[in-house]
>>> print(open('protein.pdb').read())   # PDB, C-alpha atoms, pLDDT in the B column
ATOM      1  CA  MET N   1     245.897 102.489 113.254  1.00 58.00           C
ATOM      2  CA  GLN N   2     242.402 101.574 114.439  1.00 69.00           C
ATOM      3  CA  LEU N   3     239.729 100.395 111.999  1.00 66.00           C
ATOM      4  CA  ALA N   4     237.600 103.487 112.689  1.00 68.00           C
ATOM      5  CA  THR N   5     240.338 105.857 111.485  1.00 75.00           C
ATOM      6  CA  MET N   6     241.662 103.769 108.608  1.00 75.00           C
ATOM      7  CA  PRO N   7     240.924 104.734 104.977  1.00 78.00           C
ATOM      8  CA  LEU N   8     238.218 102.378 103.684  1.00 72.00           C
ATOM      9  CA  ASP N   9     240.398 100.876 100.954  1.00 77.00           C
ATOM     10  CA  ARG N  10     242.983  99.863 103.582  1.00 83.00           C
ATOM     11  CA  VAL N  11     240.604  98.246 106.085  1.00 86.00           C
ATOM     12  CA  PRO N  12     241.547  94.584 106.513  1.00 88.00           C
ATOM     13  CA  VAL N  13     238.447  92.452 105.925  1.00 91.00           C
ATOM     14  CA  ALA N  14     237.721  88.867 106.950  1.00 93.00           C
ATOM     15  CA  SER N  15     234.657  87.359 105.315  1.00 95.00           C
ATOM     16  CA  LEU N  16     233.044  84.953 107.780  1.00 97.00           C
ATOM     17  CA  ASP N  17     230.290  82.382 107.452  1.00 97.00           C
ATOM     18  CA  LEU N  18     228.845  79.671 109.678  1.00 98.00           C
ATOM     19  CA  GLU N  19     226.790  76.577 109.029  1.00 98.00           C
ATOM     20  CA  THR N  20     224.530  75.680 111.944  1.00 98.00           C
ATOM     21  CA  THR N  21     222.053  73.124 113.223  1.00 98.00           C
ATOM     22  CA  GLY N  22     219.211  75.560 112.519  1.00 96.00           C
ATOM     23  CA  LEU N  23     218.128  79.172 112.322  1.00 94.00           C
ATOM     24  CA  ARG N  24     217.638  80.019 116.010  1.00 96.00           C
ATOM     25  CA  ALA N  25     220.675  82.110 116.899  1.00 94.00           C
ATOM     26  CA  ARG N  26     220.381  81.670 120.670  1.00 95.00           C
ATOM     27  CA  THR N  27     219.861  77.903 120.735  1.00 95.00           C
ATOM     28  CA  ASP N  28     221.193  76.318 117.547  1.00 97.00           C
ATOM     29  CA  ARG N  29     224.802  75.227 117.284  1.00 98.00           C
ATOM     30  CA  ILE N  30     227.696  75.762 114.895  1.00 98.00           C
ATOM     31  CA  VAL N  31     228.729  72.812 112.710  1.00 98.00           C
ATOM     32  CA  GLN N  32     231.167  74.605 110.381  1.00 98.00           C
ATOM     33  CA  ILE N  33     233.105  77.887 110.303  1.00 97.00           C
ATOM     34  CA  GLY N  34     234.756  79.397 107.251  1.00 96.00           C
ATOM     35  CA  ALA N  35     236.684  82.644 106.869  1.00 95.00           C
ATOM     36  CA  ILE N  36     238.735  84.270 104.140  1.00 93.00           C
ATOM     37  CA  ARG N  37     240.668  87.549 104.300  1.00 88.00           C
ATOM     38  CA  SER N  38     240.687  90.249 101.652  1.00 86.00           C
ATOM     39  CA  ASP N  39     244.417  90.860 101.957  1.00 78.00           C
ATOM     40  CA  ASP N  40     245.410  87.451 100.606  1.00 70.00           C
ATOM     41  CA  ALA N  41     242.084  86.036  99.304  1.00 61.00           C
ATOM     42  CA  VAL N  42     243.099  82.493 100.149  1.00 64.00           C
ATOM     43  CA  PRO N  43     241.144  80.255 102.499  1.00 68.00           C
ATOM     44  CA  LEU N  44     242.133  81.385 105.924  1.00 79.00           C
ATOM     45  CA  PHE N  45     240.086  79.265 108.248  1.00 87.00           C
ATOM     46  CA  ALA N  46     237.849  76.279 107.706  1.00 93.00           C
ATOM     47  CA  ALA N  47     236.756  73.959 110.473  1.00 96.00           C
ATOM     48  CA  LEU N  48     234.022  71.478 111.195  1.00 98.00           C
ATOM     49  CA  VAL N  49     232.701  71.870 114.735  1.00 98.00           C
ATOM     50  CA  ARG N  50     231.173  69.091 116.833  1.00 98.00           C
ATOM     51  CA  PRO N  51     227.938  70.723 118.009  1.00 97.00           C
ATOM     52  CA  GLY N  52     227.173  68.408 120.938  1.00 95.00           C
ATOM     53  CA  VAL N  53     223.619  67.892 119.663  1.00 97.00           C
ATOM     54  CA  PRO N  54     222.263  65.917 116.698  1.00 97.00           C
ATOM     55  CA  ILE N  55     222.161  67.810 113.403  1.00 98.00           C
ATOM     56  CA  PRO N  56     218.576  67.896 112.129  1.00 97.00           C
ATOM     57  CA  VAL N  57     218.080  66.281 108.728  1.00 97.00           C
ATOM     58  CA  THR N  58     216.466  69.511 107.495  1.00 96.00           C
ATOM     59  CA  SER N  59     219.754  71.343 108.137  1.00 96.00           C
ATOM     60  CA  THR N  60     221.837  68.542 106.626  1.00 97.00           C
ATOM     61  CA  ARG N  61     219.799  68.849 103.414  1.00 96.00           C
ATOM     62  CA  ILE N  62     220.971  72.445 103.105  1.00 94.00           C
ATOM     63  CA  HIS N  63     224.647  72.321 104.105  1.00 96.00           C
ATOM     64  CA  ARG N  64     225.314  68.584 103.561  1.00 96.00           C
ATOM     65  CA  ILE N  65     226.964  68.209 106.997  1.00 98.00           C
ATOM     66  CA  ASP N  66     225.782  65.270 109.083  1.00 97.00           C
ATOM     67  CA  ASP N  67     226.538  63.845 112.521  1.00 98.00           C
ATOM     68  CA  GLU N  68     229.095  61.407 111.149  1.00 98.00           C
ATOM     69  CA  MET N  69     231.089  64.221 109.522  1.00 97.00           C
ATOM     70  CA  VAL N  70     231.439  66.159 112.788  1.00 98.00           C
ATOM     71  CA  ALA N  71     231.939  63.165 115.102  1.00 97.00           C
ATOM     72  CA  GLY N  72     235.731  63.610 115.204  1.00 97.00           C
ATOM     73  CA  ALA N  73     235.727  67.429 115.002  1.00 98.00           C
ATOM     74  CA  ASP N  74     236.752  69.721 117.832  1.00 98.00           C
ATOM     75  CA  GLU N  75     234.095  71.334 119.984  1.00 97.00           C
ATOM     76  CA  PHE N  76     233.579  75.110 119.874  1.00 97.00           C
ATOM     77  CA  PRO N  77     235.919  76.030 122.790  1.00 97.00           C
ATOM     78  CA  MET N  78     238.829  74.416 120.918  1.00 97.00           C
ATOM     79  CA  VAL N  79     237.977  76.073 117.581  1.00 97.00           C
ATOM     80  CA  LEU N  80     237.279  79.623 118.769  1.00 96.00           C
ATOM     81  CA  PRO N  81     240.866  80.561 119.754  1.00 94.00           C
ATOM     82  CA  ARG N  82     242.115  79.528 116.291  1.00 93.00           C
ATOM     83  CA  LEU N  83     239.387  81.579 114.621  1.00 94.00           C
ATOM     84  CA  ARG N  84     240.052  84.584 116.846  1.00 92.00           C
ATOM     85  CA  THR N  85     243.770  84.463 115.974  1.00 89.00           C
ATOM     86  CA  GLN N  86     242.996  84.484 112.255  1.00 88.00           C
ATOM     87  CA  ILE N  87     240.373  87.230 112.105  1.00 90.00           C
ATOM     88  CA  GLY N  88     241.447  89.468 114.980  1.00 87.00           C
ATOM     89  CA  GLY N  89     241.940  93.087 113.916  1.00 87.00           C
ATOM     90  CA  HIS N  90     239.863  92.612 110.769  1.00 91.00           C
ATOM     91  CA  LEU N  91     236.481  94.031 109.867  1.00 93.00           C
ATOM     92  CA  ILE N  92     234.179  91.009 109.792  1.00 96.00           C
ATOM     93  CA  LEU N  93     232.113  90.838 106.622  1.00 96.00           C
ATOM     94  CA  GLY N  94     229.203  88.479 106.137  1.00 97.00           C
ATOM     95  CA  TYR N  95     225.893  88.081 104.407  1.00 97.00           C
ATOM     96  CA  ASN N  96     223.346  88.609 107.189  1.00 96.00           C
ATOM     97  CA  ILE N  97     226.329  88.729 109.571  1.00 97.00           C
ATOM     98  CA  GLY N  98     224.141  89.620 112.554  1.00 96.00           C
ATOM     99  CA  PHE N  99     222.946  86.013 112.651  1.00 97.00           C
ATOM    100  CA  ASP N 100     226.488  84.595 112.579  1.00 97.00           C
ATOM    101  CA  LEU N 101     227.681  86.978 115.282  1.00 97.00           C
ATOM    102  CA  ALA N 102     224.658  86.153 117.462  1.00 97.00           C
ATOM    103  CA  VAL N 103     225.345  82.421 117.093  1.00 97.00           C
ATOM    104  CA  LEU N 104     229.030  82.921 117.949  1.00 97.00           C
ATOM    105  CA  GLU N 105     228.046  84.994 120.966  1.00 96.00           C
ATOM    106  CA  ALA N 106     225.550  82.360 122.158  1.00 97.00           C
ATOM    107  CA  GLU N 107     228.106  79.567 121.693  1.00 97.00           C
ATOM    108  CA  ALA N 108     230.740  81.533 123.619  1.00 96.00           C
ATOM    109  CA  GLU N 109     228.290  82.194 126.434  1.00 96.00           C
ATOM    110  CA  ARG N 110     227.167  78.553 126.492  1.00 96.00           C
ATOM    111  CA  HIS N 111     230.780  77.348 126.783  1.00 96.00           C
ATOM    112  CA  GLY N 112     232.000  80.103 129.116  1.00 96.00           C
ATOM    113  CA  VAL N 113     234.576  81.487 126.681  1.00 95.00           C
ATOM    114  CA  GLU N 114     235.150  85.056 125.558  1.00 91.00           C
ATOM    115  CA  TRP N 115     234.161  86.228 122.083  1.00 91.00           C
ATOM    116  CA  SER N 116     234.268  89.754 120.740  1.00 88.00           C
ATOM    117  CA  TRP N 117     234.971  91.450 117.442  1.00 87.00           C
ATOM    118  CA  SER N 118     236.229  94.886 116.497  1.00 83.00           C
ATOM    119  CA  ALA N 119     233.747  95.762 113.720  1.00 91.00           C
ATOM    120  CA  ALA N 120     231.344  94.064 111.322  1.00 95.00           C
ATOM    121  CA  LEU N 121     229.677  94.851 108.018  1.00 95.00           C
ATOM    122  CA  CYS N 122     226.598  93.097 106.678  1.00 97.00           C
ATOM    123  CA  LEU N 123     226.749  92.538 102.907  1.00 96.00           C
ATOM    124  CA  ARG N 124     222.979  92.168 102.772  1.00 95.00           C
ATOM    125  CA  GLN N 125     222.455  95.591 104.377  1.00 96.00           C
ATOM    126  CA  LEU N 126     225.150  97.161 102.208  1.00 94.00           C
ATOM    127  CA  ALA N 127     223.595  95.701  99.045  1.00 95.00           C
ATOM    128  CA  THR N 128     220.180  96.966 100.158  1.00 95.00           C
ATOM    129  CA  CYS N 129     221.617 100.488 100.498  1.00 95.00           C
ATOM    130  CA  LEU N 130     223.321 100.310  97.102  1.00 93.00           C
ATOM    131  CA  LEU N 131     220.681  98.439  95.081  1.00 94.00           C
ATOM    132  CA  GLY N 132     217.540  99.457  96.924  1.00 94.00           C
ATOM    133  CA  THR N 133     215.109  97.538  99.079  1.00 94.00           C
ATOM    134  CA  GLU N 134     212.918  96.427  96.177  1.00 94.00           C
ATOM    135  CA  THR N 135     215.825  94.925  94.231  1.00 92.00           C
ATOM    136  CA  MET N 136     217.123  93.109  97.297  1.00 91.00           C
ATOM    137  CA  MET N 137     213.662  91.751  98.052  1.00 92.00           C
ATOM    138  CA  MET N 138     213.501  90.392  94.499  1.00 91.00           C
ATOM    139  CA  LEU N 139     216.997  88.913  94.746  1.00 92.00           C
ATOM    140  CA  GLY N 140     216.346  87.418  98.156  1.00 88.00           C
ATOM    141  CA  ASP N 141     219.590  85.633  99.038  1.00 93.00           C
ATOM    142  CA  LEU N 142     223.365  85.515  98.647  1.00 95.00           C
ATOM    143  CA  GLU N 143     223.257  83.293  95.580  1.00 94.00           C
ATOM    144  CA  ALA N 144     220.915  85.651  93.715  1.00 95.00           C
ATOM    145  CA  LEU N 145     222.985  88.682  94.746  1.00 95.00           C
ATOM    146  CA  ALA N 146     226.157  86.970  93.512  1.00 95.00           C
ATOM    147  CA  THR N 147     224.500  86.131  90.193  1.00 95.00           C
ATOM    148  CA  HIS N 148     223.285  89.731  89.916  1.00 94.00           C
ATOM    149  CA  CYS N 149     226.880  90.917  90.499  1.00 94.00           C
ATOM    150  CA  GLN N 150     228.244  88.307  88.046  1.00 96.00           C
ATOM    151  CA  VAL N 151     230.168  86.499  90.784  1.00 96.00           C
ATOM    152  CA  PRO N 152     230.477  82.730  90.314  1.00 94.00           C
ATOM    153  CA  VAL N 153     228.587  80.691  92.900  1.00 94.00           C
ATOM    154  CA  VAL N 154     230.832  77.835  94.018  1.00 91.00           C
ATOM    155  CA  ASP N 155     230.380  75.584  97.047  1.00 89.00           C
ATOM    156  CA  ARG N 156     227.172  77.282  98.194  1.00 92.00           C
ATOM    157  CA  HIS N 157     226.011  76.457 101.737  1.00 91.00           C
ATOM    158  CA  ALA N 158     229.501  75.456 102.817  1.00 94.00           C
ATOM    159  CA  ALA N 159     230.940  77.981 105.268  1.00 96.00           C
ATOM    160  CA  LEU N 160     234.129  78.661 103.315  1.00 94.00           C
ATOM    161  CA  GLY N 161     232.259  78.720  99.996  1.00 95.00           C
ATOM    162  CA  ASP N 162     229.733  81.266 101.252  1.00 96.00           C
ATOM    163  CA  ALA N 163     232.520  83.363 102.820  1.00 96.00           C
ATOM    164  CA  ALA N 164     234.364  83.398  99.478  1.00 94.00           C
ATOM    165  CA  ILE N 165     231.204  84.346  97.553  1.00 96.00           C
ATOM    166  CA  THR N 166     230.492  87.149 100.038  1.00 96.00           C
ATOM    167  CA  LEU N 167     234.023  88.524  99.721  1.00 94.00           C
ATOM    168  CA  ALA N 168     233.879  88.358  95.916  1.00 93.00           C
ATOM    169  CA  VAL N 169     230.572  90.264  95.809  1.00 94.00           C
TER
END
>>> encode(input="protein.pdb", output="structure tokens")
Amino acid sequence: MQLATMPLDRVPVASLDLETTGLRARTDRIVQIGAIRSDDAVPLFAALVRPGVPIPVTSTRIHRIDDEMVAGADEFPMVLPRLRTQIGGHLILGYNIGFDLAVLEAEAERHGVEWSWSAALCLRQLATCLLGTETMMMLGDLEALATHCQVPVVDRHAALGDAAITLAV
């Protein structure tokens, strides 16, 4: 059964999050990928990624990943097939997922590898529809939304931690 025809409560979901070298989707690089599926709610995929460029200190301050940590990690073309195997056939969920998908697309293009997904849902957009624009503007980010929804915030700004928070919300 395809995702489009599946009852909503049976749609397999994979919550996905990336940590990157910055906030420019077309030019910044992935340093960490985390994903967790709704069907088993256990960490599904977590990988550091060697970006091939230095990680700016401003980014390291946020996600605590530095050049030394990724020095022995695989580069994106080696990580992508493993990710694709784990999340294929799932609706991809993420907070501001458009950014993550744009970064994945840019990385795939840069490395000459194929990347596609079947469907995606942005938690930020969904929360805006449910809570209203004004409430979401006051909340501002994933951590505030999680607190609002009484979801514990653990391991914030780590890809797997943010994916788990997103799925829990």
>>> residues_near_point(input="protein.pdb", point="(244.0, 94.8, 118.2)", cutoff="12 Å", atoms="only C-alpha atoms", output="PyMOL selection string")
chain N and resi 1-3+12+84-91+116-119
>>> residues_near_point(input="protein.pdb", point="(230.7, 97.2, 106.8)", cutoff="12 Å", atoms="only C-alpha atoms", output="PDB file with C-alpha atoms, in the frame of the given file")
ATOM      1  CA  LEU N   3     239.729 100.395 111.999  1.00 66.00           C
ATOM      2  CA  ALA N   4     237.600 103.487 112.689  1.00 68.00           C
ATOM      3  CA  LEU N   8     238.218 102.378 103.684  1.00 72.00           C
ATOM      4  CA  ASP N   9     240.398 100.876 100.954  1.00 77.00           C
ATOM      5  CA  VAL N  11     240.604  98.246 106.085  1.00 86.00           C
ATOM      6  CA  PRO N  12     241.547  94.584 106.513  1.00 88.00           C
ATOM      7  CA  VAL N  13     238.447  92.452 105.925  1.00 91.00           C
ATOM      8  CA  ALA N  14     237.721  88.867 106.950  1.00 93.00           C
ATOM      9  CA  SER N  15     234.657  87.359 105.315  1.00 95.00           C
ATOM     10  CA  HIS N  90     239.863  92.612 110.769  1.00 91.00           C
ATOM     11  CA  LEU N  91     236.481  94.031 109.867  1.00 93.00           C
ATOM     12  CA  ILE N  92     234.179  91.009 109.792  1.00 96.00           C
ATOM     13  CA  LEU N  93     232.113  90.838 106.622  1.00 96.00           C
ATOM     14  CA  GLY N  94     229.203  88.479 106.137  1.00 97.00           C
ATOM     15  CA  TYR N  95     225.893  88.081 104.407  1.00 97.00           C
ATOM     16  CA  ASN N  96     223.346  88.609 107.189  1.00 96.00           C
ATOM     17  CA  ILE N  97     226.329  88.729 109.571  1.00 97.00           C
ATOM     18  CA  GLY N  98     224.141  89.620 112.554  1.00 96.00           C
ATOM     19  CA  SER N 118     236.229  94.886 116.497  1.00 83.00           C
ATOM     20  CA  ALA N 119     233.747  95.762 113.720  1.00 91.00           C
ATOM     21  CA  ALA N 120     231.344  94.064 111.322  1.00 95.00           C
ATOM     22  CA  LEU N 121     229.677  94.851 108.018  1.00 95.00           C
ATOM     23  CA  CYS N 122     226.598  93.097 106.678  1.00 97.00           C
ATOM     24  CA  LEU N 123     226.749  92.538 102.907  1.00 96.00           C
ATOM     25  CA  ARG N 124     222.979  92.168 102.772  1.00 95.00           C
ATOM     26  CA  GLN N 125     222.455  95.591 104.377  1.00 96.00           C
ATOM     27  CA  LEU N 126     225.150  97.161 102.208  1.00 94.00           C
ATOM     28  CA  ALA N 127     223.595  95.701  99.045  1.00 95.00           C
ATOM     29  CA  CYS N 129     221.617 100.488 100.498  1.00 95.00           C
ATOM     30  CA  LEU N 167     234.023  88.524  99.721  1.00 94.00           C
TER      31      LEU N 167
END
>>> closest_residue(input="protein.pdb", among="N:Val79, N:Val154, N:Cys149, N:Leu142", to="Val49 (chain N)", atoms="all atoms listed in the file")
N:Val79
>>> atom_distance(input="protein.pdb", atom1="CA of Met6 (chain N)", atom2="CA of Ala35 (chain N)")
21.8 Å
>>> atom_distance(input="protein.pdb", atom1="CA of Ala168 (chain N)", atom2="CA of Asp100 (chain N)")
18.6 Å
>>> residues_around(input="protein.pdb", residues="Ala108 (chain N)", least_positions_apart="2", cutoff="12 Å", atoms="all atoms listed in the file", output="PyMOL selection string")
chain N and resi 26-27+29-30+75-81+84+101-106+110-116
>>> resolve_selection(input="protein.pdb", expression="the PyMOL selection byres ((chain N and resi 65) around 9)", output="PyMOL selection string")
chain N and resi 19+31-32+48+55+59-64+66-70+158
>>> residues_around(input="protein.pdb", residues="Asp162 (chain N)", least_positions_apart="5", cutoff="7 Å", atoms="all atoms listed in the file", output="PyMOL selection string")
chain N and resi 17+156-157
>>> closest_residue(input="protein.pdb", among="N:Gln150, N:Thr20, N:Thr133, N:Thr5", to="Val57 (chain N)", atoms="all atoms listed in the file")
N:Thr20
>>> atom_distance(input="protein.pdb", atom1="CA of Glu107 (chain N)", atom2="CA of Leu160 (chain N)")
19.4 Å
